[in-house]
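So this block is model_30.txt, compact mmCIF, C-alpha atoms:
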```txt
# COMPACT_ATOMS: atom_id res chain seq x y z
CA MET C 296 49.34 -31.32 -22.37
CA SER C 297 45.93 -32.75 -21.41
CA VAL C 298 42.98 -30.73 -22.69
CA GLN C 299 41.49 -30.98 -19.19
CA ASN C 300 44.37 -29.19 -17.45
CA TRP C 301 42.65 -25.81 -17.65
CA GLU C 302 39.96 -27.13 -15.30
CA LYS C 303 42.27 -27.20 -12.30
CA ASN C 304 42.07 -23.38 -12.25
CA VAL C 305 38.29 -23.19 -12.41
CA ARG C 306 36.41 -21.88 -9.36
CA LYS C 307 33.94 -24.71 -8.73
CA VAL C 308 30.85 -24.15 -6.58
CA VAL C 309 27.44 -25.73 -6.13
CA PRO C 310 25.10 -22.94 -7.32
CA TYR C 311 21.94 -21.62 -5.72
CA VAL C 312 18.79 -23.15 -7.24
CA ALA C 313 16.03 -20.60 -7.73
CA GLY C 314 12.34 -21.42 -7.65
CA GLU C 315 10.94 -22.77 -10.90
CA GLN C 316 9.59 -20.27 -13.44
CA PRO C 317 7.11 -22.36 -15.46
CA GLU C 318 6.57 -21.49 -19.11
CA ASN C 319 2.87 -22.26 -18.78
CA LYS C 320 1.27 -18.95 -17.79
CA ASN C 321 -1.94 -20.66 -16.66
CA VAL C 322 -0.44 -22.11 -13.50
CA ILE C 323 -1.14 -20.71 -10.04
CA LYS C 324 2.39 -19.72 -9.12
CA LEU C 325 2.91 -19.80 -5.36
CA ASN C 326 6.54 -20.93 -5.30
CA THR C 327 8.78 -17.85 -5.49
CA ASN C 328 7.22 -15.30 -3.10
CA GLU C 329 6.45 -12.78 -5.83
CA CYS C 330 3.75 -10.21 -5.20
CA PRO C 331 0.45 -11.14 -6.92
CA TYR C 332 -0.46 -7.49 -7.52
CA PRO C 333 1.00 -5.03 -10.08
CA PRO C 334 3.47 -2.29 -9.19
CA ALA C 335 2.24 1.14 -8.09
CA PRO C 336 0.25 3.10 -10.72
CA GLY C 337 3.02 5.69 -10.92
CA VAL C 338 5.46 2.98 -11.98
CA LEU C 339 3.23 1.91 -14.87
CA THR C 340 2.66 5.54 -15.93
CA ALA C 341 6.38 6.30 -15.84
CA LYS C 342 7.09 3.20 -17.91
CA GLU C 343 4.80 4.48 -20.68
CA LYS C 344 6.44 7.91 -20.63
CA MET C 345 10.03 6.67 -20.48
CA ASP C 346 12.33 7.90 -23.22
CA MET C 347 13.77 4.70 -24.65
CA GLY C 348 16.30 6.75 -26.58
CA ASP C 349 18.11 7.22 -23.29
CA LEU C 350 18.95 3.53 -23.26
CA ARG C 351 21.92 4.34 -25.49
CA LEU C 352 23.48 6.16 -22.53
CA TYR C 353 25.08 4.71 -19.43
CA PRO C 354 22.88 5.14 -16.33
CA ASN C 355 23.94 7.33 -13.43
CA SER C 356 26.68 5.24 -11.84
CA LYS C 357 25.87 6.54 -8.35
CA SER C 358 22.15 5.76 -8.78
CA GLU C 359 21.50 9.14 -7.21
CA SER C 360 17.80 9.48 -8.00
CA LEU C 361 16.94 6.16 -6.35
CA VAL C 362 19.40 6.59 -3.47
CA ASN C 363 17.96 10.03 -2.71
CA ALA C 364 14.37 8.75 -2.84
CA LEU C 365 15.19 5.91 -0.44
CA ALA C 366 17.11 8.21 1.89
CA GLU C 367 14.15 10.56 2.10
CA TYR C 368 11.66 7.73 2.65
CA TYR C 369 13.68 6.08 5.42
CA HIS C 370 14.90 9.35 6.98
CA VAL C 371 18.61 8.71 6.55
CA LYS C 372 21.40 10.41 4.65
CA PRO C 373 21.99 9.46 0.99
CA THR C 374 25.50 8.44 2.05
CA GLN C 375 23.90 5.71 4.18
CA VAL C 376 22.14 4.03 1.23
CA PHE C 377 23.54 1.47 -1.22
CA VAL C 378 21.52 0.01 -4.11
CA GLY C 379 22.08 -3.07 -6.21
CA VAL C 380 20.56 -5.53 -8.66
CA GLY C 381 18.14 -7.09 -6.20
CA SER C 382 19.00 -7.76 -2.58
CA ASP C 383 20.98 -10.79 -3.79
CA ASP C 384 23.47 -8.45 -5.45
CA VAL C 385 23.57 -6.24 -2.36
CA ILE C 386 24.24 -9.16 0.00
CA SER C 387 26.79 -10.65 -2.38
CA MET C 388 28.67 -7.35 -2.37
CA ALA C 389 28.42 -7.24 1.43
CA PHE C 390 29.93 -10.74 1.69
CA LEU C 391 32.75 -9.69 -0.61
CA THR C 392 33.35 -6.45 1.31
CA PHE C 393 32.90 -7.29 4.98
CA PHE C 394 33.48 -11.02 5.46
CA TYR C 395 37.23 -11.06 4.98
CA GLY C 396 38.62 -12.31 8.30
CA GLY C 397 39.85 -15.76 9.19
CA GLU C 398 37.03 -16.63 11.59
CA PRO C 399 33.88 -18.31 10.21
CA ILE C 400 30.80 -16.22 9.58
CA LEU C 401 27.62 -17.37 11.32
CA PHE C 402 24.08 -17.86 10.02
CA PRO C 403 21.14 -20.17 10.82
CA ASP C 404 21.03 -23.76 9.62
CA VAL C 405 17.55 -23.27 8.13
CA THR C 406 17.69 -20.01 6.25
CA TYR C 407 18.05 -18.40 2.82
CA SER C 408 20.01 -20.98 0.84
CA PHE C 409 22.15 -18.43 -0.99
CA TYR C 410 24.28 -17.65 2.09
CA ASP C 411 26.40 -20.81 1.95
CA VAL C 412 26.72 -20.43 -1.84
CA TRP C 413 28.26 -16.95 -1.50
CA ALA C 414 30.48 -18.16 1.33
CA ASP C 415 31.77 -21.01 -0.85
CA LEU C 416 32.17 -18.74 -3.88
CA TYR C 417 34.22 -16.15 -2.01
CA ARG C 418 36.10 -18.76 0.04
CA ILE C 419 34.67 -17.47 3.32
CA PRO C 420 34.62 -20.00 6.18
CA TYR C 421 31.19 -20.36 7.76
CA LYS C 422 29.34 -22.13 10.53
CA THR C 423 25.60 -22.65 10.83
CA CYS C 424 23.72 -22.26 14.11
CA ALA C 425 20.72 -24.55 14.58
CA LEU C 426 17.31 -22.98 14.99
CA ASP C 427 15.42 -24.40 17.96
CA GLU C 428 12.39 -26.70 17.71
CA ASN C 429 10.17 -23.65 17.15
CA TRP C 430 12.38 -22.40 14.29
CA ARG C 431 13.79 -19.58 16.45
CA ILE C 432 17.29 -18.13 16.75
CA ASP C 433 19.13 -18.53 20.06
CA PRO C 434 21.29 -15.41 20.54
CA ALA C 435 23.71 -17.46 22.66
CA ASP C 436 24.79 -19.26 19.46
CA TYR C 437 26.05 -15.94 18.11
CA LYS C 438 28.28 -15.18 21.11
CA GLN C 439 31.19 -17.23 19.85
CA PRO C 440 34.25 -16.08 17.88
CA ASN C 441 33.19 -15.22 14.32
CA GLY C 442 34.04 -13.17 11.26
CA GLY C 443 30.55 -11.76 10.74
CA ILE C 444 26.88 -12.62 11.09
CA ILE C 445 23.91 -12.67 8.72
CA PHE C 446 20.32 -13.77 9.23
CA PRO C 447 16.96 -12.93 7.66
CA ASN C 448 14.31 -11.32 9.83
CA PRO C 449 11.62 -12.53 9.28
CA ASN C 450 13.42 -15.75 8.44
CA ALA C 451 13.09 -17.61 5.17
CA PRO C 452 11.75 -20.19 4.62
CA THR C 453 10.16 -20.42 8.08
CA GLY C 454 8.49 -16.97 8.16
CA VAL C 455 9.41 -16.44 11.83
CA PHE C 456 10.09 -12.88 13.02
CA GLU C 457 12.56 -12.30 15.84
CA PRO C 458 11.89 -9.29 18.11
CA LEU C 459 14.35 -6.43 17.96
CA GLU C 460 15.47 -7.16 21.52
CA LYS C 461 16.95 -10.41 20.23
CA VAL C 462 18.58 -8.66 17.27
CA GLU C 463 20.10 -6.10 19.61
CA GLU C 464 21.41 -8.82 21.91
CA ILE C 465 23.34 -10.25 18.97
CA LEU C 466 24.63 -6.80 18.02
CA LYS C 467 25.81 -6.04 21.56
CA ALA C 468 27.74 -9.30 21.67
CA ASN C 469 29.47 -8.65 18.33
CA PRO C 470 30.81 -5.07 18.18
CA ASP C 471 33.89 -6.06 16.18
CA VAL C 472 32.22 -7.71 13.17
CA VAL C 473 29.55 -6.72 10.66
CA VAL C 474 26.04 -7.95 11.43
CA ILE C 475 23.71 -8.10 8.41
CA VAL C 476 19.95 -8.29 8.95
CA ASP C 477 18.26 -9.41 5.73
CA GLU C 478 14.77 -7.89 5.76
CA ALA C 479 13.36 -9.10 2.44
CA TYR C 480 9.99 -9.80 4.11
CA VAL C 481 9.87 -7.20 6.87
CA ASP C 482 7.01 -5.22 5.28
CA PHE C 483 4.55 -8.06 5.90
CA GLY C 484 4.46 -7.81 9.67
CA GLY C 485 7.95 -7.44 11.10
CA GLU C 486 9.67 -4.47 12.68
CA SER C 487 12.76 -3.18 10.89
CA ALA C 488 16.15 -3.06 12.59
CA LEU C 489 16.65 0.37 10.99
CA SER C 490 15.78 1.89 14.36
CA LEU C 491 19.02 0.41 15.75
CA LEU C 492 21.33 2.03 13.20
CA ASP C 493 22.18 5.07 15.30
CA ARG C 494 23.54 2.81 18.06
CA TYR C 495 25.45 0.24 16.01
CA GLU C 496 27.92 1.33 13.32
CA ASN C 497 28.45 -2.34 12.36
CA LEU C 498 24.78 -3.01 11.48
CA LEU C 499 23.73 -3.37 7.84
CA VAL C 500 20.00 -3.66 7.02
CA VAL C 501 19.08 -5.11 3.60
CA GLN C 502 15.70 -4.83 1.88
CA THR C 503 14.25 -5.42 -1.59
CA PHE C 504 11.66 -4.19 -4.08
CA SER C 505 10.94 -7.77 -5.19
CA LYS C 506 8.26 -8.66 -2.63
CA SER C 507 6.26 -5.80 -1.11
CA ARG C 508 6.88 -3.36 -3.98
CA SER C 509 5.90 -5.85 -6.73
CA MET C 510 9.05 -5.34 -8.80
CA ALA C 511 10.93 -8.65 -8.79
CA GLY C 512 11.39 -8.39 -12.56
CA LEU C 513 13.37 -5.14 -12.35
CA ARG C 514 15.84 -6.44 -9.74
CA ILE C 515 16.17 -3.63 -7.18
CA GLY C 516 17.62 -4.12 -3.74
CA PHE C 517 19.19 -1.79 -1.22
CA CYS C 518 20.84 -1.64 2.15
CA ILE C 519 21.16 1.06 4.78
CA GLY C 520 24.01 1.35 7.23
CA SER C 521 26.59 3.75 8.61
CA GLU C 522 28.26 6.14 6.18
CA LYS C 523 31.56 4.33 6.69
CA MET C 524 30.07 0.94 5.80
CA ILE C 525 28.34 2.27 2.68
CA ALA C 526 31.57 3.92 1.53
CA TYR C 527 33.37 0.58 1.80
CA LEU C 528 30.58 -1.13 -0.14
CA ASN C 529 30.76 1.45 -2.91
CA ASP C 530 34.54 1.01 -3.18
CA VAL C 531 34.03 -2.70 -3.85
CA LYS C 532 31.07 -2.12 -6.18
CA TYR C 533 33.04 0.34 -8.33
CA SER C 534 35.89 -2.15 -8.45
CA VAL C 535 33.55 -4.75 -9.98
CA ASN C 536 31.03 -2.79 -12.08
CA SER C 537 30.34 0.94 -11.97
CA TYR C 538 26.95 0.61 -13.68
CA THR C 539 25.06 -2.06 -11.77
CA MET C 540 21.65 -0.34 -11.90
CA ASN C 541 20.04 0.08 -15.30
CA TYR C 542 18.17 3.18 -16.46
CA PRO C 543 14.59 1.74 -16.29
CA ALA C 544 15.19 0.31 -12.82
CA LEU C 545 16.37 3.67 -11.52
CA GLN C 546 13.47 5.60 -13.03
CA LEU C 547 10.73 3.16 -12.05
CA GLY C 548 12.22 2.42 -8.65
CA VAL C 549 11.84 6.08 -7.68
CA GLU C 550 8.15 5.99 -8.60
CA ALA C 551 7.61 2.90 -6.46
CA VAL C 552 9.11 4.63 -3.42
CA LYS C 553 6.92 7.71 -3.94
CA ASP C 554 3.58 5.87 -3.68
CA GLU C 555 3.43 4.98 0.01
CA ALA C 556 -0.37 4.63 0.02
CA TYR C 557 -0.34 1.94 -2.67
CA PHE C 558 2.58 0.17 -0.99
CA LYS C 559 0.74 0.00 2.35
CA ALA C 560 -2.55 -1.04 0.74
CA THR C 561 -0.84 -3.89 -1.13
CA THR C 562 0.96 -5.26 1.92
CA ALA C 563 -2.24 -4.98 3.98
CA LYS C 564 -4.12 -6.99 1.35
CA ILE C 565 -1.49 -9.75 1.40
CA ILE C 566 -1.46 -9.83 5.21
CA ALA C 567 -5.26 -10.16 5.32
CA THR C 568 -5.18 -13.04 2.84
CA ARG C 569 -2.36 -14.71 4.77
CA GLU C 570 -4.27 -14.62 8.04
CA ARG C 571 -7.38 -16.09 6.41
CA VAL C 572 -5.38 -18.87 4.74
CA LYS C 573 -3.67 -19.71 8.04
CA LYS C 574 -7.08 -20.55 9.52
CA GLU C 575 -8.12 -22.61 6.52
CA LEU C 576 -4.86 -24.58 6.43
CA SER C 577 -5.16 -25.28 10.16
CA GLU C 578 -8.64 -26.70 9.62
CA LEU C 579 -7.17 -29.01 6.97
CA GLY C 580 -4.59 -30.44 9.38
CA PHE C 581 -1.58 -28.27 8.59
CA THR C 582 0.74 -26.81 11.20
CA PHE C 583 3.14 -23.92 10.66
CA PRO C 584 5.09 -21.22 12.48
CA ASP C 585 3.33 -17.87 12.84
CA SER C 586 4.36 -16.29 9.56
CA LYS C 587 5.14 -12.57 9.33
CA THR C 588 5.98 -12.82 5.63
CA ASN C 589 4.13 -13.24 2.33
CA PHE C 590 4.31 -17.03 2.61
CA ILE C 591 3.39 -19.86 4.99
CA PHE C 592 5.79 -22.70 5.88
CA ALA C 593 3.40 -25.61 6.36
CA SER C 594 3.49 -29.31 7.25
CA HIS C 595 0.52 -31.67 7.24
CA LYS C 596 -0.24 -33.91 10.23
CA SER C 597 -0.41 -37.12 8.17
CA VAL C 598 0.39 -36.56 4.48
CA PRO C 599 4.04 -36.09 3.44
CA ALA C 600 4.93 -32.68 2.03
CA LYS C 601 6.45 -34.13 -1.12
CA GLU C 602 3.23 -35.98 -1.93
CA ILE C 603 1.18 -32.79 -1.53
CA PHE C 604 3.75 -30.82 -3.55
CA LEU C 605 3.50 -33.26 -6.47
CA ALA C 606 -0.30 -33.41 -6.30
CA LEU C 607 -0.57 -29.62 -6.37
CA ARG C 608 1.90 -29.45 -9.24
CA GLU C 609 -0.10 -32.03 -11.20
CA HIS C 610 -3.02 -29.60 -10.96
CA ASN C 611 -0.95 -26.58 -12.03
CA ILE C 612 -0.52 -25.16 -8.53
CA PHE C 613 3.18 -24.54 -7.84
CA VAL C 614 4.54 -24.28 -4.30
CA ARG C 615 8.13 -24.67 -3.04
CA TYR C 616 9.57 -27.89 -1.67
CA TRP C 617 13.12 -28.74 -0.60
CA GLU C 618 14.48 -32.23 -0.09
CA LYS C 619 16.79 -31.04 2.69
CA PRO C 620 17.34 -32.04 6.33
CA ARG C 621 14.84 -30.59 8.83
CA ILE C 622 12.59 -29.07 6.13
CA ASN C 623 11.83 -32.02 3.84
CA ASN C 624 8.33 -32.37 5.28
CA SER C 625 7.36 -28.72 4.81
CA LEU C 626 6.00 -26.66 1.94
CA ARG C 627 6.55 -22.96 1.46
CA ILE C 628 3.32 -21.52 0.09
CA THR C 629 3.42 -17.99 -1.29
CA ILE C 630 0.38 -15.83 -0.57
CA GLY C 631 -1.31 -15.07 -3.89
CA THR C 632 -4.58 -13.32 -4.62
CA ASP C 633 -7.70 -14.38 -2.73
CA GLU C 634 -8.91 -16.13 -5.86
CA GLN C 635 -5.65 -18.09 -6.24
CA MET C 636 -5.67 -19.15 -2.61
CA ASP C 637 -9.32 -20.22 -2.88
CA VAL C 638 -8.42 -22.56 -5.75
CA MET C 639 -5.56 -24.07 -3.75
CA ILE C 640 -7.67 -24.53 -0.60
CA ALA C 641 -10.49 -26.11 -2.61
CA PHE C 642 -8.05 -28.60 -4.15
CA LEU C 643 -6.50 -29.43 -0.76
CA LYS C 644 -9.92 -29.98 0.82
CA GLU C 645 -10.76 -32.54 -1.83
CA TYR C 646 -7.30 -34.14 -1.89
CA LEU C 647 -6.98 -34.45 1.88
CA LYS C 648 -10.52 -35.64 2.49
CA ASP C 649 -10.48 -38.68 4.80
CA ARG C 650 -6.67 -38.61 5.02
```
Would you mind giving the structure from this file in C-alpha cells?
Amino acid sequence: MSVQNWEKNVRKVVPYVAGEQPENKNVIKLNTNECPYPPAPGVLTAKEKMDMGDLRLYPNSKSESLVNALAEYYHVKPTQVFVGVGSDDVISMAFLTFFYGGEPILFPDVTYSFYDVWADLYRIPYKTCALDENWRIDPADYKQPNGGIIFPNPNAPTGVFEPLEKVEEILKANPDVVVIVDEAYVDFGGESALSLLDRYENLLVVQTFSKSRSMAGLRIGFCIGSEKMIAYLNDVKYSVNSYTMNYPALQLGVEAVKDEAYFKATTAKIIATRERVKKELSELGFTFPDSKTNFIFASHKSVPAKEIFLALREHNIFVRYWEKPRINNSLRITIGTDEQMDVMIAFLKEYLKDR
C-alpha cells in the first residue's frame, strides 16, 4: 500500500491568513486592528489578585459569570448570550450549527476573509454578493434563495456602516434562515442590530472583546440572539468542547464589562484620532470610505498601495495589504495612538512629496 494513501481522507482547506505579528517590538503595529490602549484598570487589578492555584481546576463550563455580566450590560436574558474563544470561535460555531441546508449561504465579496474558509471547512455551499462601487451592500442581492446570511456591520476591511433600515430589509426578506450580523467594530461609530432582536428570532448578533475592550490576547467573543438559537449553539458547543473559555478569560472578561466609563473613554479617543487622521490622509492624496471602525481603508490617487505598504514596512510601520481582486490598491490602516499616527503621517508626507 502506498504511504500516501492516508492523504485521500484528509480534509484539505486553504486556511485563513492572519495579520503578521512581528517579533520586533519596536515597530508601529497598525496591521491587525488591535486597540492601542491597555484594558480597563479593573482588569489589570483582577489579574494581580487572581488565584493561579485555581488553574488546576476546569473553568465553569457554562461561563456563567461572563454570560451574566454580558446579559446585564446588554439588557437581555442570560439564556440569550453565548460566549466563545474570540468572535472567530463564536462565528465558527454558528456556521457549524445554523448553516446546514442545501442552499448556498450569502455574504459580501469584499468582507472578512474567514467566512469562505469556514464555509469550505464545513462543506457549506456559498455565494458572494458584490458590494457596489461605494463598498455598500445592496439588500436586493440577499433576496434570493439561500441557506443563511452573514455580513459584518461595519464591514471589514472597508469600514462602511450600513444603517439598520438596510439590515432590517434583509431580515424581513429572509425569515426562514439565520442572519448573522458580525459587529466586531460596532463600538467605533455604528449602531448595533441588538435593537432588532425582539422582532426577529432568526437574528444573531456577534461582538468581540478584541477591539474596543483591548483584550485581543485573551480571546473573548460573544453573540446574542433568541433563547432558542442560543440553546442550539450550546448543544453544538458541548458536543465539541465543554470548556472553551479558560479561567483567566472568564474572570478578567467580567471586569472589562463592568467598567463602562473606561470603555467609552477608550472608544472616544480612538474615534477622535481616526477623524483627525482622515483629514490628514485626504490632504496627502488618499481616498477612503467613511470609516466607522478603528481602521481606515485607504487608496492613494497616484502611488500604488503595495509600494506604500512596502515603504512603510521598511521603516517599521506595519499596515495591512491584500493582493486580492478589487482591494489590491488599498491599505487597511489601524488607528493607533496619536503619537503612532503622527509618525506614520510624517513618513507619508516625506515619502509622497512631489508624487
Could you state the separation of atom CA of Thr582 of chain C and atom CA of Val614 of chain C in Å, given to one decimal place?
16.2 Å
So what do you get for atom CA of Pro452 of chain C versus atom CA of Lys422 of chain C, distance-wise?
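Computing the Euclidean distance for atom CA of Pro452 of chain C and atom CA of Lys422 of chain C yields 18.7 Å.
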Sorted by chain and rising residue number, which residues of segment 491-532 of chain C lie within 12 Å of segment 349-371 of chain C, and what are their closest atom pairs and distances in Å to one decimal, counting all atoms listed in the file, as a Markdown table?
```
| residue | atom | partner | partner_atom | distance |
| --- | --- | --- | --- | --- |
| C:Leu492 | CA | C:Val371 | CA | 9.8 |
| C:Asp493 | CA | C:Val371 | CA | 10.1 |
| C:Val500 | CA | C:Tyr369 | CA | 11.7 |
| C:Gln502 | CA | C:Leu365 | CA | 11.0 |
| C:Thr503 | CA | C:Leu365 | CA | 11.4 |
| C:Phe504 | CA | C:Leu365 | CA | 11.3 |
| C:Ile515 | CA | C:Leu361 | CA | 9.9 |
| C:Gly516 | CA | C:Leu361 | CA | 10.6 |
| C:Phe517 | CA | C:Val362 | CA | 8.7 |
| C:Cys518 | CA | C:Leu365 | CA | 9.8 |
| C:Ile519 | CA | C:Val371 | CA | 8.3 |
| C:Gly520 | CA | C:Val371 | CA | 9.2 |
| C:Ser521 | CA | C:Val371 | CA | 9.6 |
| C:Glu522 | CA | C:Val371 | CA | 10.0 |
| C:Ile525 | CA | C:Val362 | CA | 11.7 |
| C:Ala526 | CA | C:Lys357 | CA | 11.7 |
| C:Asn529 | CA | C:Lys357 | CA | 8.9 |
| C:Asp530 | CA | C:Lys357 | CA | 11.5 |
| C:Lys532 | CA | C:Ser356 | CA | 10.3 |
```
Smallest atom-to-atom distance to Arg569 of chain C: which of C:Phe613, C:Phe483, C:Phe581, C:Phe456, using all atoms listed in the file?
C:Phe483
Residues near Tyr616 of chain C, cut-off 10 Å, all atoms listed in the file, skip fewer than 5 positions along chain, as a list in words
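Returned residues: Gly314, Asn326, Phe592, Ala600, Lys601, Ile603, Phe604, Leu605, Ile622, Asn623, Asn624, Ser625, Leu626, Arg627 and Ile628 of chain C.
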Can you spit out the residues from that selection as a PDB file, in the coordinates of the input, using C-alpha atoms?
```pdb
ATOM      1  CA  GLY C 314      12.340 -21.420  -7.650  1.00  0.00           C
ATOM      2  CA  ASN C 326       6.540 -20.930  -5.300  1.00  0.00           C
ATOM      3  CA  PHE C 592       5.790 -22.700   5.880  1.00  0.00           C
ATOM      4  CA  ALA C 600       4.930 -32.680   2.030  1.00  0.00           C
ATOM      5  CA  LYS C 601       6.450 -34.130  -1.120  1.00  0.00           C
ATOM      6  CA  ILE C 603       1.180 -32.790  -1.530  1.00  0.00           C
ATOM      7  CA  PHE C 604       3.750 -30.820  -3.550  1.00  0.00           C
ATOM      8  CA  LEU C 605       3.500 -33.260  -6.470  1.00  0.00           C
ATOM      9  CA  ILE C 622      12.590 -29.070   6.130  1.00  0.00           C
ATOM     10  CA  ASN C 623      11.830 -32.020   3.840  1.00  0.00           C
ATOM     11  CA  ASN C 624       8.330 -32.370   5.280  1.00  0.00           C
ATOM     12  CA  SER C 625       7.360 -28.720   4.810  1.00  0.00           C
ATOM     13  CA  LEU C 626       6.000 -26.660   1.940  1.00  0.00           C
ATOM     14  CA  ARG C 627       6.550 -22.960   1.460  1.00  0.00           C
ATOM     15  CA  ILE C 628       3.320 -21.520   0.090  1.00  0.00           C
TER      16      ILE C 628
END
```
Please, which residues in segment 528-630 of chain C fall within 10 Å of segment 405-416 of chain C when counting only C-alpha atoms, and what is the closest atom pair and distance in Å to one decimal for each, ordered by chain then residue number, as a tab-separated table?
```
residue	atom	partner	partner_atom	distance
C:Lys619	CA	C:Val405	CA	9.5
C:Pro620	CA	C:Val405	CA	9.0
C:Arg621	CA	C:Val405	CA	7.8
C:Ile622	CA	C:Val405	CA	7.9
```
Which of these, C:Ile323, C:Val474, C:Leu547, C:Val481, has the shortest distance to Ala389 of chain C once you count all atoms listed in the file?
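Counting all atoms listed in the file, the residue closest to Ala389 of chain C is C:Val474.
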Segment 414-495 of chain C near segment 505-513 of chain C within 8 Å: what's each residue's closest atom pair and its distance in Å to one decimal, counting all atoms listed in the file, ordered by chain then ascending residue number, as a Markdown table?
```
| residue | atom | partner | partner_atom | distance |
| --- | --- | --- | --- | --- |
| C:Ala479 | CA | C:Lys506 | CA | 7.2 |
| C:Tyr480 | CA | C:Lys506 | CA | 7.1 |
| C:Asp482 | CA | C:Ser507 | CA | 6.5 |
| C:Phe483 | CA | C:Ser507 | CA | 7.6 |
```
Contacts of Gly454 of chain C at 7 Å or less, counting all atoms listed in the file, minus same-chain residues fewer than 6 places along, as a list in words?
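Residues meeting the cut-off are Pro584, Ser586, Lys587, Thr588, Phe590, Ile591 and Phe592 of chain C.
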Please determine, counting only C-alpha atoms, which residue among C:Cys424, C:Asn450, C:Leu579, C:Ala488 has the shortest atom-to-atom distance to Val462 of chain C.
C:Ala488
Within 12 Å of Lys564 of chain C using only C-alpha atoms, minus same-chain residues under 5 positions, as a PDB file with C-alpha atoms, in the frame of the given file:
```
ATOM      1  CA  CYS C 330       3.750 -10.210  -5.200  1.00  0.00           C
ATOM      2  CA  PRO C 331       0.450 -11.140  -6.920  1.00  0.00           C
ATOM      3  CA  TYR C 332      -0.460  -7.490  -7.520  1.00  0.00           C
ATOM      4  CA  ASP C 482       7.010  -5.220   5.280  1.00  0.00           C
ATOM      5  CA  PHE C 483       4.550  -8.060   5.900  1.00  0.00           C
ATOM      6  CA  GLY C 484       4.460  -7.810   9.670  1.00  0.00           C
ATOM      7  CA  SER C 507       6.260  -5.800  -1.110  1.00  0.00           C
ATOM      8  CA  TYR C 557      -0.340   1.940  -2.670  1.00  0.00           C
ATOM      9  CA  PHE C 558       2.580   0.170  -0.990  1.00  0.00           C
ATOM     10  CA  LYS C 559       0.740   0.000   2.350  1.00  0.00           C
ATOM     11  CA  ARG C 569      -2.360 -14.710   4.770  1.00  0.00           C
ATOM     12  CA  GLU C 570      -4.270 -14.620   8.040  1.00  0.00           C
ATOM     13  CA  ARG C 571      -7.380 -16.090   6.410  1.00  0.00           C
ATOM     14  CA  ASN C 589       4.130 -13.240   2.330  1.00  0.00           C
ATOM     15  CA  ILE C 630       0.380 -15.830  -0.570  1.00  0.00           C
ATOM     16  CA  GLY C 631      -1.310 -15.070  -3.890  1.00  0.00           C
ATOM     17  CA  THR C 632      -4.580 -13.320  -4.620  1.00  0.00           C
ATOM     18  CA  ASP C 633      -7.700 -14.380  -2.730  1.00  0.00           C
TER      19      ASP C 633
END
```
Out of C:Ala313, C:Ile475, C:Val308, C:Met347, which residue has the shortest atom-to-atom distance to Tyr542 of chain C when counting only C-alpha atoms?
C:Met347
Near-Asp427 of chain C list (12 Å; all atoms listed in the file; drop same-chain fewer than 6 positions) as a PDB file with C-alpha atoms, in the frame of the given file:
```
ATOM      1  CA  PRO C 403      21.140 -20.170  10.820  1.00  0.00           C
ATOM      2  CA  ASP C 404      21.030 -23.760   9.620  1.00  0.00           C
ATOM      3  CA  VAL C 405      17.550 -23.270   8.130  1.00  0.00           C
ATOM      4  CA  ASP C 433      19.130 -18.530  20.060  1.00  0.00           C
ATOM      5  CA  PRO C 434      21.290 -15.410  20.540  1.00  0.00           C
ATOM      6  CA  ALA C 435      23.710 -17.460  22.660  1.00  0.00           C
ATOM      7  CA  ASP C 436      24.790 -19.260  19.460  1.00  0.00           C
ATOM      8  CA  THR C 453      10.160 -20.420   8.080  1.00  0.00           C
ATOM      9  CA  VAL C 455       9.410 -16.440  11.830  1.00  0.00           C
ATOM     10  CA  ARG C 621      14.840 -30.590   8.830  1.00  0.00           C
TER      11      ARG C 621
END
```
Export segment 380-402 of chain C from the structure block above, keeping C-alpha atoms, as a PDB file, in the first residue's frame.
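As written to disk, part05.pdb reads:
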```
ATOM      1  CA  VAL C 380     -12.815  31.967  22.240  1.00  0.00           C
ATOM      2  CA  GLY C 381     -12.947  35.230  20.324  1.00  0.00           C
ATOM      3  CA  SER C 382     -15.699  36.079  17.864  1.00  0.00           C
ATOM      4  CA  ASP C 383     -13.954  33.750  15.385  1.00  0.00           C
ATOM      5  CA  ASP C 384     -14.867  30.787  17.584  1.00  0.00           C
ATOM      6  CA  VAL C 385     -18.408  32.088  18.013  1.00  0.00           C
ATOM      7  CA  ILE C 386     -18.949  32.533  14.270  1.00  0.00           C
ATOM      8  CA  SER C 387     -17.339  29.188  13.511  1.00  0.00           C
ATOM      9  CA  MET C 388     -19.787  27.520  15.903  1.00  0.00           C
ATOM     10  CA  ALA C 389     -22.641  29.446  14.287  1.00  0.00           C
ATOM     11  CA  PHE C 390     -21.607  28.192  10.824  1.00  0.00           C
ATOM     12  CA  LEU C 391     -21.481  24.650  12.144  1.00  0.00           C
ATOM     13  CA  THR C 392     -24.856  24.985  13.882  1.00  0.00           C
ATOM     14  CA  PHE C 393     -27.046  27.018  11.556  1.00  0.00           C
ATOM     15  CA  PHE C 394     -25.700  26.702   8.013  1.00  0.00           C
ATOM     16  CA  TYR C 395     -26.753  23.135   7.344  1.00  0.00           C
ATOM     17  CA  GLY C 396     -29.169  23.370   4.408  1.00  0.00           C
ATOM     18  CA  GLY C 397     -28.531  22.661   0.764  1.00  0.00           C
ATOM     19  CA  GLU C 398     -28.834  26.255  -0.448  1.00  0.00           C
ATOM     20  CA  PRO C 399     -25.695  28.439  -0.520  1.00  0.00           C
ATOM     21  CA  ILE C 400     -25.119  30.928   2.264  1.00  0.00           C
ATOM     22  CA  LEU C 401     -24.628  34.541   1.200  1.00  0.00           C
ATOM     23  CA  PHE C 402     -22.018  37.125   2.200  1.00  0.00           C
TER      24      PHE C 402
END
```
